[in-house]
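Enquirer: The structure's right below; bear with me while I get my questions together.
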Amino acid sequence: MCYFKPSDPSGDLVESSDDLEGMAGINSAEESDADDSDDSEDSTDDEDIEAVEIADVGEEAGKPNNQENPFFAATEEDSEVSDTDDDSDLEAEETKDDPEEEDDLIKALKAAREKKVRNSPPDIKTSELITDLSFHPEADIIALGNISGDLSIFSYNNEENKMQKKLKLSKKTLRGLEFDEAGTSLLTISKDKTFRILDTETWTVKTKYVKCHDSPLYSCASLGPHISVTGDEDGFVKMWDNRLGDTSIMTFKRFDEYVSSFLKMDENHLIAASGEGTIQSFDLRQKKPDIQSEMYDGELNCMGTVRTGTKLVVGSGTGPLYLFSKDQYGLHSDQFPGHPDGVNALIPITDNVLITGCEDGNVRAVHLYPHRFLGVVGHHEDEFPIERLDVNTSGEIVASISHDNRVKFWNVTYLEEMDYDKQKKPGILPKTTIRSKSKKLNQLRETEHQLPSSSRTNKKEFFSGFKEDE
């Protein structure tokens with residue numbers, strides 16, 4: 001999960017995500033200006049930076065804010081107006097004319113104005129662009145890395161989030177974070193080509209590989225208590241054993257583009273995905289490459305498994321999800337089309353349900369076998385692309401980051417109770433005369449079902465309390 005696609009920072013933090021302007025693009029201009037220096041500058045700027053604790057300036061952990069429906073939100077003027085007698089007289093007269101119809105309308109309005117009980121943590125707002133996140137596997141803790149090289153540790157619950165620690169790890173961007181399986185170590189990679197492993201008890205750096213690649217690091221993963229793997233922008237994959245010093249125990253170049261992500265399929269096999277549009281399996285026993293796939297259109301960004309680990313799901317920059325049978329990675333055996341834009345992140349929730357983070361700013365739930373779109377879990381405003389996803393240890397809370405300097409949390413427990421057979425097949429629209437692909441995709445977005453965690457509502461749900469005309 002630990003990987004980072006450079007992206008444009010969103011600028012000044014605003015009070016509400018509704019006020020943000022959309023921003024596309026993959027590479028950050030700010031990051032390029034600050035970080036694209038020659039080797040001599042690297043050696044000057046990136047001299048051993050230890051994990052230094054810094055003040056939590058510009059961070060807002062987030063407190064509960066149960067918002068009313070914005071389309072029916074009361075204003076101060078509404079609550080302070082004193083001439084209510086005339087209005088009540090008018091309402092009484094209207095009630096006499098058609099009491100049943102008004103009763104239905106009042107019920108719908110009241111239901112829309114009711115405050116929802118919070119079942120997920122409030123947003124975490126930051127002053128810097130967040131580049132990656134990772135949930136602790138045991139405790140209610142989440143780690144965040146940002147474009148300035150800072151590591152922030154938050155505890156979270158449904159009432160509020162609290163910052164536990166903030167460390168300055170690097171002068172350049174932190175591109176990836178991942179807790180190991182036991183939660184005793186946190187892996188971090190930065191654009192200064194340094195790979196660090198932190199002790200989560202003391203939050204100090206216990207292992208550091210300085211300039212361990214010739215090009216900036218792009219992704220990392222923990223394979224065990226002592227074994228980890230890193231990938232860089234030029235397609236190199238290196239494996240490390242922190243008991244054996246600073247020399248990698250495996251080094252291969254299998255791609256011409258960046259290594260976007262890693263996934264450990266089982267104890268003996270590792271899969272790496274790349275920006276060139278291929279995946280590569282590695283034999284962990286012999287520490288050498290195994291099978292490489294054919295090249296696909298667009299980059300392959302993220303991976304996960306379903307059906308008790310027998311199917312590998314790969315998210316692509318062109319939208320489809322490609323499914324590979326285990327140990328048969330040369331060509332996909334199935335695919336799930338229908339995402340209106342690229343899939344930047346995915347995370348399995350159950351044995352058949354995935355959460356996907358898309359370029360159009362929507363977090364979606366997808367069921368595989370049978371293939372179904374379940375609906376929109378949530379969204380980041382103004383179509384900011386979803387860059388990273390992670391799920392907590394209980395599987396109930398999904399966190400997402402985008403370009404709006406926010407971490408959003410979504411409670412997805414309702415997915416266990418859904419009737420998947422009644423959901424839409426991927427990309428299915430009513431018959432229409434529209435032939436333009438882009439217009440069809442826009443129409444698909446508009447007709448997508450909003451799930452309970454989404455702040456948007458479905459039109460039919462608002463009017464569900466109205467009685468049909470006889």
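Chain labels run A, B, ... following the order of the structure tokens; each chain numbers its residues from 1, and ligands are numbered from 1 in the order shown.
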Name the residues in contact with Ile141 in chain A at a cut-off of 8 Å, using only C-alpha atoms, excluding same-chain residues fewer than 2 positions from it; report them as a list in words.
Expert: Phe135, His136, Ala139, Ala143, Ile153, Phe154, Ser155 and Tyr156 of chain A
Enquirer: Once you have the residues from the selection above, write them out as a tab-separated table (two decimals), in the first residue's frame, restricted to N, CA and C atoms.
Expert:
chain	number	residue	atom	x	y	z
A	135	PHE	N	-2.85	2.58	8.64
A	135	PHE	CA	-3.45	2.25	9.93
A	135	PHE	C	-2.55	1.28	10.69
A	136	HIS	N	-2.46	1.48	12.00
A	136	HIS	CA	-1.76	0.53	12.85
A	136	HIS	C	-2.57	-0.77	12.90
A	139	ALA	N	-3.63	-1.06	17.28
A	139	ALA	CA	-4.19	0.08	18.01
A	139	ALA	C	-4.96	1.02	17.08
A	143	ALA	N	-0.96	6.72	10.79
A	143	ALA	CA	0.25	7.47	10.47
A	143	ALA	C	0.06	8.18	9.14
A	153	ILE	N	1.49	11.22	13.68
A	153	ILE	CA	0.83	10.06	14.26
A	153	ILE	C	-0.41	10.54	15.01
A	154	PHE	N	-1.58	10.02	14.66
A	154	PHE	CA	-2.84	10.40	15.29
A	154	PHE	C	-3.50	9.18	15.91
A	155	SER	N	-4.12	9.38	17.07
A	155	SER	CA	-5.09	8.41	17.57
A	155	SER	C	-6.46	8.88	17.10
A	156	TYR	N	-7.39	7.96	16.91
A	156	TYR	CA	-8.68	8.34	16.34
A	156	TYR	C	-9.81	7.60	17.04
Enquirer: If you run DSSP on this backbone, which residues of range 75-302 of chain A come out as strand (DSSP E), and could you give them as number ranges by chain?
Expert: A: 124-125, 130-135, 141-146, 150-156, 161-168, 174-179, 185-190, 195-199, 204-209, 217-222, 227-232, 236-241, 250-253, 259-266, 269-274, 279-283, 288-292, 300-302
Enquirer: Find the residues around Gln280 in chain A up to 6 Å (only C-alpha atoms counted), leave out those fewer than 5 positions away in its own chain, and share them as a list in words.
Expert: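 The filter keeps Ile271, Ala272, Ile291 and Gln292 of chain A.
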Enquirer: Measuring between only C-alpha atoms, which one of A:Thr204, A:Ser454, A:Asn301, A:Thr131 shows the shortest distance to Asn411 in chain A?
Expert: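 For Asn411 in chain A, the nearest of the candidates is A:Ser454.
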Enquirer: Excluding Thr356 in chain A and its own-chain neighbours fewer than 6 positions away, which residues fall within 6 Å of it when counting only C-alpha atoms? Please give them as a list in words.
Expert: Ala345, Leu346, Val363 and Arg364 of chain A
Enquirer: Leaving out Gly378 in chain A and any residue of its chain fewer than 5 positions from it, which residues lie within 12 Å of it when counting only C-alpha atoms, given as a VMD selection string?
Expert: chain A and resid 355 to 358 360 to 365 383 386 398 to 401 408 to 412 448 to 457
Enquirer: Using only C-alpha atoms, which protein or nucleic acid residues come within 8 Å of Ile227 in chain A? Drop anything in the same chain fewer than 5 positions from it, and give the result as a ChimeraX atom specification.
Expert: /A:222,239-242
Enquirer: With a distance cut-off of 9 Å and only C-alpha atoms, select the neighbouring residues of Ile279 in chain A, excluding the residue or stretch itself and same-chain residues fewer than 2 positions from it, and output the selection as a list in words.
Expert: Phe255, Ile271, Ala272, Ala273, Ser274, Gly277, Ser281, Ile291, Gln292, Ser293, Glu294, Met295, Leu300, Val314, Tyr329 and Gly330 of chain A
Enquirer: CA of Leu133 in chain A to CA of Asn161 in chain A: how many Å, to one decimal?
Expert: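 Distance between the two atoms: 14.8 Å.
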Enquirer: Compare A:Gly304, A:Gly183, A:Gly275, A:Gly342 by their minimum atom-to-atom distance to Tyr218 in chain A, counting only C-alpha atoms, and give me the closest one.
Expert: A:Gly275
Enquirer: Between A:Leu129, A:Glu50, A:Phe282, A:Ile142, which is the closest to Leu169 in chain A once you count only C-alpha atoms?
Expert: A:Glu50
